[in-house]
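Q: My structure is in target.cif, and what it holds is mmCIF, C-alpha atoms:
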data_work
#
loop_
_atom_site.group_PDB
_atom_site.id
_atom_site.type_symbol
_atom_site.label_atom_id
_atom_site.label_comp_id
_atom_site.auth_asym_id
_atom_site.auth_seq_id
_atom_site.Cartn_x
_atom_site.Cartn_y
_atom_site.Cartn_z
ATOM 1 C CA MET A 1 -76.629 -5.557 35.384
ATOM 2 C CA THR A 2 -76.350 -8.129 32.613
ATOM 3 C CA PRO A 3 -79.688 -9.802 31.764
ATOM 4 C CA PRO A 4 -80.025 -13.589 32.088
ATOM 5 C CA LEU A 5 -78.194 -15.571 29.454
ATOM 6 C CA ALA A 6 -79.946 -17.632 26.822
ATOM 7 C CA LEU A 7 -77.448 -20.451 26.291
ATOM 8 C CA ASP A 8 -77.955 -23.113 23.646
ATOM 9 C CA PRO A 9 -77.228 -26.404 25.476
ATOM 10 C CA ALA A 10 -76.088 -27.997 22.197
ATOM 11 C CA ARG A 11 -73.383 -25.326 21.771
ATOM 12 C CA SER A 12 -72.404 -24.533 25.382
ATOM 13 C CA ALA A 13 -70.241 -26.248 27.993
ATOM 14 C CA LEU A 14 -69.516 -25.580 31.643
ATOM 15 C CA VAL A 15 -65.783 -25.529 32.405
ATOM 16 C CA LEU A 16 -64.891 -26.114 36.061
ATOM 17 C CA VAL A 17 -61.238 -25.442 36.868
ATOM 18 C CA ASP A 18 -59.205 -27.068 39.659
ATOM 19 C CA LEU A 19 -62.005 -28.081 42.029
ATOM 20 C CA MET A 20 -59.740 -30.468 43.881
ATOM 21 C CA ASP A 21 -59.708 -31.073 47.635
ATOM 22 C CA ARG A 22 -56.297 -29.493 48.188
ATOM 23 C CA ILE A 23 -57.258 -26.360 46.231
ATOM 24 C CA VAL A 24 -60.809 -25.962 47.553
ATOM 25 C CA ALA A 25 -59.334 -26.110 51.090
ATOM 26 C CA LEU A 26 -56.957 -23.160 50.551
ATOM 27 C CA PRO A 27 -57.654 -19.775 52.187
ATOM 28 C CA LEU A 28 -59.464 -17.964 49.355
ATOM 29 C CA GLU A 29 -61.252 -14.666 48.767
ATOM 30 C CA PRO A 30 -63.817 -13.180 48.299
ATOM 31 C CA ARG A 31 -65.477 -16.490 49.175
ATOM 32 C CA LYS A 32 -64.410 -19.839 50.571
ATOM 33 C CA GLY A 33 -63.586 -22.732 48.296
ATOM 34 C CA THR A 34 -66.567 -24.645 49.673
ATOM 35 C CA GLU A 35 -68.853 -21.815 48.497
ATOM 36 C CA VAL A 36 -67.300 -21.920 45.026
ATOM 37 C CA LEU A 37 -67.748 -25.693 44.997
ATOM 38 C CA SER A 38 -71.405 -25.480 46.030
ATOM 39 C CA THR A 39 -72.231 -22.967 43.292
ATOM 40 C CA ALA A 40 -70.243 -24.982 40.745
ATOM 41 C CA GLN A 41 -72.178 -28.127 41.676
ATOM 42 C CA GLU A 42 -75.468 -26.289 41.132
ATOM 43 C CA LEU A 43 -74.276 -25.062 37.749
ATOM 44 C CA ALA A 44 -73.116 -28.553 36.793
ATOM 45 C CA ALA A 45 -76.505 -30.018 37.683
ATOM 46 C CA ALA A 46 -78.240 -27.385 35.515
ATOM 47 C CA PHE A 47 -75.913 -28.071 32.564
ATOM 48 C CA ARG A 48 -76.394 -31.840 32.844
ATOM 49 C CA SER A 49 -80.190 -31.421 33.053
ATOM 50 C CA ALA A 50 -80.116 -29.286 29.900
ATOM 51 C CA GLY A 51 -77.969 -31.874 28.096
ATOM 52 C CA ALA A 52 -74.935 -29.567 27.970
ATOM 53 C CA PRO A 53 -71.456 -30.941 28.687
ATOM 54 C CA VAL A 54 -69.572 -30.402 31.914
ATOM 55 C CA VAL A 55 -65.778 -30.220 31.639
ATOM 56 C CA LEU A 56 -63.764 -30.845 34.784
ATOM 57 C CA ILE A 57 -60.159 -29.673 34.610
ATOM 58 C CA ARG A 58 -57.657 -30.649 37.276
ATOM 59 C CA VAL A 59 -53.947 -30.053 37.552
ATOM 60 C CA GLU A 60 -51.155 -32.561 38.006
ATOM 61 C CA ARG A 61 -47.620 -31.467 38.790
ATOM 62 C CA PRO A 62 -45.254 -32.588 36.045
ATOM 63 C CA GLY A 63 -42.111 -34.523 36.834
ATOM 64 C CA VAL A 64 -43.088 -35.857 40.247
ATOM 65 C CA ALA A 65 -43.446 -39.520 41.143
ATOM 66 C CA GLU A 66 -46.599 -38.935 43.170
ATOM 67 C CA GLN A 67 -49.177 -36.134 43.236
ATOM 68 C CA PRO A 68 -49.808 -34.340 46.550
ATOM 69 C CA PRO A 69 -52.706 -35.584 48.681
ATOM 70 C CA GLY A 70 -56.026 -34.083 47.585
ATOM 71 C CA SER A 71 -55.065 -33.904 43.916
ATOM 72 C CA GLY A 72 -58.193 -35.643 42.645
ATOM 73 C CA LEU A 73 -61.445 -33.865 41.929
ATOM 74 C CA VAL A 74 -63.669 -33.315 44.951
ATOM 75 C CA ALA A 75 -65.597 -36.531 45.606
ATOM 76 C CA GLY A 76 -68.947 -36.637 43.820
ATOM 77 C CA LEU A 77 -68.178 -33.717 41.507
ATOM 78 C CA ALA A 78 -67.624 -35.820 38.382
ATOM 79 C CA GLN A 79 -70.686 -37.561 37.003
ATOM 80 C CA GLU A 80 -71.077 -40.081 34.201
ATOM 81 C CA GLY A 81 -70.782 -38.330 30.851
ATOM 82 C CA ASP A 82 -68.627 -35.456 32.137
ATOM 83 C CA LEU A 83 -65.333 -34.744 30.403
ATOM 84 C CA GLU A 84 -62.276 -34.822 32.666
ATOM 85 C CA VAL A 85 -59.109 -33.097 31.502
ATOM 86 C CA VAL A 86 -55.749 -33.246 33.265
ATOM 87 C CA LYS A 87 -53.517 -30.209 32.738
ATOM 88 C CA ARG A 88 -49.863 -29.817 33.567
ATOM 89 C CA THR A 89 -49.699 -26.055 33.010
ATOM 90 C CA ILE A 90 -51.704 -23.158 34.442
ATOM 91 C CA GLY A 91 -54.288 -23.249 31.641
ATOM 92 C CA GLY A 92 -56.471 -26.142 30.548
ATOM 93 C CA PHE A 93 -55.812 -26.155 26.791
ATOM 94 C CA GLN A 94 -52.055 -26.602 26.382
ATOM 95 C CA GLY A 95 -51.297 -30.254 25.624
ATOM 96 C CA THR A 96 -54.645 -31.612 26.852
ATOM 97 C CA GLY A 97 -56.769 -32.167 23.747
ATOM 98 C CA LEU A 98 -59.535 -30.021 25.265
ATOM 99 C CA ASP A 99 -60.076 -28.000 22.092
ATOM 100 C CA GLY A 100 -60.674 -31.182 20.079
ATOM 101 C CA LEU A 101 -63.108 -32.574 22.665
ATOM 102 C CA LEU A 102 -65.141 -29.367 22.551
ATOM 103 C CA ARG A 103 -65.088 -28.957 18.761
ATOM 104 C CA GLU A 104 -66.186 -32.536 18.098
ATOM 105 C CA ARG A 105 -69.249 -31.788 20.235
ATOM 106 C CA GLY A 106 -70.003 -28.521 18.411
ATOM 107 C CA ILE A 107 -69.333 -26.355 21.464
ATOM 108 C CA ARG A 108 -68.947 -22.616 20.804
ATOM 109 C CA ALA A 109 -69.607 -21.031 24.221
ATOM 110 C CA LEU A 110 -67.729 -21.802 27.432
ATOM 111 C CA VAL A 111 -69.057 -20.924 30.867
ATOM 112 C CA PHE A 112 -66.237 -20.697 33.420
ATOM 113 C CA ALA A 113 -66.081 -21.327 37.158
ATOM 114 C CA GLY A 114 -63.355 -22.513 39.517
ATOM 115 C CA ILE A 115 -60.219 -21.677 41.434
ATOM 116 C CA ALA A 116 -58.163 -19.548 41.136
ATOM 117 C CA THR A 117 -59.943 -16.789 39.247
ATOM 118 C CA ASN A 118 -56.756 -15.066 38.066
ATOM 119 C CA LEU A 119 -54.694 -18.201 37.439
ATOM 120 C CA GLY A 120 -56.267 -21.436 36.179
ATOM 121 C CA VAL A 121 -59.594 -19.888 35.200
ATOM 122 C CA GLU A 122 -58.159 -16.822 33.466
ATOM 123 C CA SER A 123 -55.359 -18.725 31.739
ATOM 124 C CA THR A 124 -57.790 -21.310 30.378
ATOM 125 C CA ALA A 125 -60.214 -18.580 29.295
ATOM 126 C CA ARG A 126 -57.538 -16.569 27.484
ATOM 127 C CA ALA A 127 -56.537 -19.635 25.458
ATOM 128 C CA ALA A 128 -60.222 -20.344 24.732
ATOM 129 C CA GLY A 129 -60.681 -16.781 23.507
ATOM 130 C CA ASP A 130 -57.664 -17.145 21.229
ATOM 131 C CA LEU A 131 -59.313 -20.275 19.819
ATOM 132 C CA GLY A 132 -62.526 -18.377 19.035
ATOM 133 C CA TYR A 133 -64.874 -19.541 21.796
ATOM 134 C CA ASP A 134 -67.483 -17.214 23.298
ATOM 135 C CA LEU A 135 -66.651 -16.743 26.988
ATOM 136 C CA ILE A 136 -68.952 -16.401 29.989
ATOM 137 C CA PHE A 137 -67.594 -15.986 33.518
ATOM 138 C CA VAL A 138 -69.692 -16.884 36.588
ATOM 139 C CA GLU A 139 -68.303 -14.445 39.170
ATOM 140 C CA ASP A 140 -69.901 -16.057 42.227
ATOM 141 C CA ALA A 141 -68.483 -19.464 41.272
ATOM 142 C CA MET A 142 -64.842 -18.330 41.496
ATOM 143 C CA ALA A 143 -62.298 -17.309 44.104
ATOM 144 C CA ALA A 144 -58.613 -16.377 44.262
ATOM 145 C CA PHE A 145 -55.917 -16.058 46.906
ATOM 146 C CA THR A 146 -56.890 -12.435 47.531
ATOM 147 C CA SER A 147 -59.971 -10.350 46.816
ATOM 148 C CA ALA A 148 -57.803 -7.925 44.830
ATOM 149 C CA GLU A 149 -56.671 -10.692 42.456
ATOM 150 C CA HIS A 150 -60.234 -11.923 42.000
ATOM 151 C CA GLU A 151 -61.564 -8.411 41.426
ATOM 152 C CA ALA A 152 -58.846 -7.542 38.911
ATOM 153 C CA SER A 153 -59.840 -10.513 36.757
ATOM 154 C CA VAL A 154 -63.579 -10.036 37.162
ATOM 155 C CA ARG A 155 -63.703 -6.240 36.813
ATOM 156 C CA LEU A 156 -60.779 -5.506 34.468
ATOM 157 C CA ASP A 157 -59.898 -8.556 32.375
ATOM 158 C CA PHE A 158 -62.997 -10.720 31.971
ATOM 159 C CA PRO A 159 -65.269 -7.952 30.605
ATOM 160 C CA ARG A 160 -62.751 -7.504 27.783
ATOM 161 C CA LEU A 161 -62.773 -11.220 27.015
ATOM 162 C CA GLY A 162 -66.450 -12.097 27.404
ATOM 163 C CA THR A 163 -69.486 -11.662 29.648
ATOM 164 C CA VAL A 164 -69.454 -11.674 33.455
ATOM 165 C CA VAL A 165 -72.606 -13.010 35.139
ATOM 166 C CA SER A 166 -73.819 -14.502 38.396
ATOM 167 C CA ALA A 167 -74.906 -18.134 38.656
ATOM 168 C CA ALA A 168 -78.533 -16.984 38.886
ATOM 169 C CA GLN A 169 -78.251 -15.431 35.418
ATOM 170 C CA VAL A 170 -77.221 -18.668 33.688
ATOM 171 C CA ARG A 171 -80.205 -19.993 31.712
ATOM 172 C CA PHE A 172 -80.786 -22.126 28.636
ATOM 173 C CA VAL A 173 -82.974 -21.438 25.613
ATOM 174 C CA ALA A 174 -86.100 -23.582 25.540
ATOM 175 C CA ALA A 175 -85.719 -26.640 23.335
#
Would you mind writing the file out in structure tokens?
A:
Amino acid sequence: MTPPLALDPARSALVLVDLMDRIVALPLEPRKGTEVLSTAQELAAAFRSAGAPVVLIRVERPGVAEQPPGSGLVAGLAQEGDLEVVKRTIGGFQGTGLDGLLRERGIRALVFAGIATNLGVESTARAAGDLGYDLIFVEDAMAAFTSAEHEASVRLDFPRLGTVVSAAQVRFVAA
């Protein structure tokens, strides 16, 4: 098992992907969207307390006059000071300015959580890796449409891209 992390809050950000009502409500595995949301909220509170940024990414469908119901972030998730990014592709970097927002804050490590593990989370993480960020994946703060999809990302792909941990292992270095 991976030991607890020692994240520098001045150089780390939490990236929460697609925690929107309509996505959290989907049938997901290996845990329900509400469980992912609860763990993500705990992580976000820890990051905010440490003075580390929280990035909330949500998707909007391009080329439609109106977004489907439930397309906003889950109520109460966003707090003052959080960074909200709207994506129109699977990943959160393409055309969003996210890289610039992170670099201007000196962020080097990204801690990922959200839905779906193998889609929005993995796509965003792959782009982040290509941009040179250190990647951390919080396994118990993610879910996918099937357990097999989730497990393939967590067991096969993510270990090649970064470090896979549980929420309990996420810690900050003492200031």
Q: Report as a ChimeraX atom specification the residues that result from applying the PyMOL selection byres ((chain A and resi 137-143) around 8) to the structure here.
A: /A:28-33,35-37,39-40,111-117,135-136,144-145,147,150,154,158,162-167
Q: Run the PyMOL selection byres ((chain A and resi 4-18) around 7) on the file and write out the hits as a CSV table (one decimal) with C-alpha atoms, in the frame of the given file.
A:
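Done, and the output landed in selection-v9.csv:
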chain,number,residue,atom,x,y,z
A,2,THR,CA,-76.4,-8.1,32.6
A,3,PRO,CA,-79.7,-9.8,31.8
A,19,LEU,CA,-62.0,-28.1,42.0
A,20,MET,CA,-59.7,-30.5,43.9
A,23,ILE,CA,-57.3,-26.4,46.2
A,44,ALA,CA,-73.1,-28.6,36.8
A,47,PHE,CA,-75.9,-28.1,32.6
A,50,ALA,CA,-80.1,-29.3,29.9
A,51,GLY,CA,-78.0,-31.9,28.1
A,52,ALA,CA,-74.9,-29.6,28.0
A,53,PRO,CA,-71.5,-30.9,28.7
A,54,VAL,CA,-69.6,-30.4,31.9
A,55,VAL,CA,-65.8,-30.2,31.6
A,56,LEU,CA,-63.8,-30.8,34.8
A,57,ILE,CA,-60.2,-29.7,34.6
A,58,ARG,CA,-57.7,-30.6,37.3
A,59,VAL,CA,-53.9,-30.1,37.6
A,106,GLY,CA,-70.0,-28.5,18.4
A,107,ILE,CA,-69.3,-26.4,21.5
A,108,ARG,CA,-68.9,-22.6,20.8
A,109,ALA,CA,-69.6,-21.0,24.2
A,110,LEU,CA,-67.7,-21.8,27.4
A,111,VAL,CA,-69.1,-20.9,30.9
A,112,PHE,CA,-66.2,-20.7,33.4
A,113,ALA,CA,-66.1,-21.3,37.2
A,114,GLY,CA,-63.4,-22.5,39.5
A,115,ILE,CA,-60.2,-21.7,41.4
A,120,GLY,CA,-56.3,-21.4,36.2
A,121,VAL,CA,-59.6,-19.9,35.2
A,169,GLN,CA,-78.3,-15.4,35.4
A,170,VAL,CA,-77.2,-18.7,33.7
A,171,ARG,CA,-80.2,-20.0,31.7
A,172,PHE,CA,-80.8,-22.1,28.6
A,173,VAL,CA,-83.0,-21.4,25.6
Q: Find the residue from A:Pro69, A:Glu151, A:Arg160, A:Ala168 that sits nearest to Glu42 (chain A); use only C-alpha atoms when measuring.
A: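 Of the candidates, the smallest distance to Glu42 (chain A) is held by A:Ala168.
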Q: How far is it from CA of Ser49 (chain A) to CA of Glu84 (chain A), in Å with one decimal?
A: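 These atoms are spaced 18.2 Å apart.
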Q: Just checking: using only C-alpha atoms, which residue out of A:Glu122, A:Asp21, A:Asp134, A:Glu80 ends up closest to Thr34 (chain A)?
A: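 Under the stated criterion, the closest residue is A:Asp21.
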Q: Grab all the atoms of region 91-100 of chain A that the file lists, wrap them in a box along x, y and z, add 4 Å per side, and give me centre plus edge lengths in Å (one decimal) as JSON.
A:
{"center_x": -56.0, "center_y": -27.7, "center_z": 25.9, "size_x": 17.4, "size_y": 16.9, "size_z": 19.6}
Q: By how many Å are CA of Gly70 (chain A) and CA of Arg22 (chain A) apart?
A: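 According to the coordinates, CA of Gly70 (chain A) and CA of Arg22 (chain A) are separated by 4.6 Å.
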Q: Tell me, in Å to one decimal, how far CA of Asn118 (chain A) is from CA of Glu149 (chain A).
A: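 Atom-to-atom, CA of Asn118 (chain A) to CA of Glu149 (chain A), that is 6.2 Å.
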Q: Nearest to Val24 (chain A) among A:Leu73, A:Ala128, A:Ala174, A:Val86, with distances taken over all atoms listed in the file: which residue is it?
A: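 For Val24 (chain A), the nearest of the given residues is A:Leu73.
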Q: Between A:Arg48, A:Arg155, A:Arg105, A:Lys87, which one has atoms that come closest to Thr124 (chain A), using all atoms listed in the file?
A: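 Using all atoms listed in the file, the shortest distance to Thr124 (chain A) belongs to A:Lys87.
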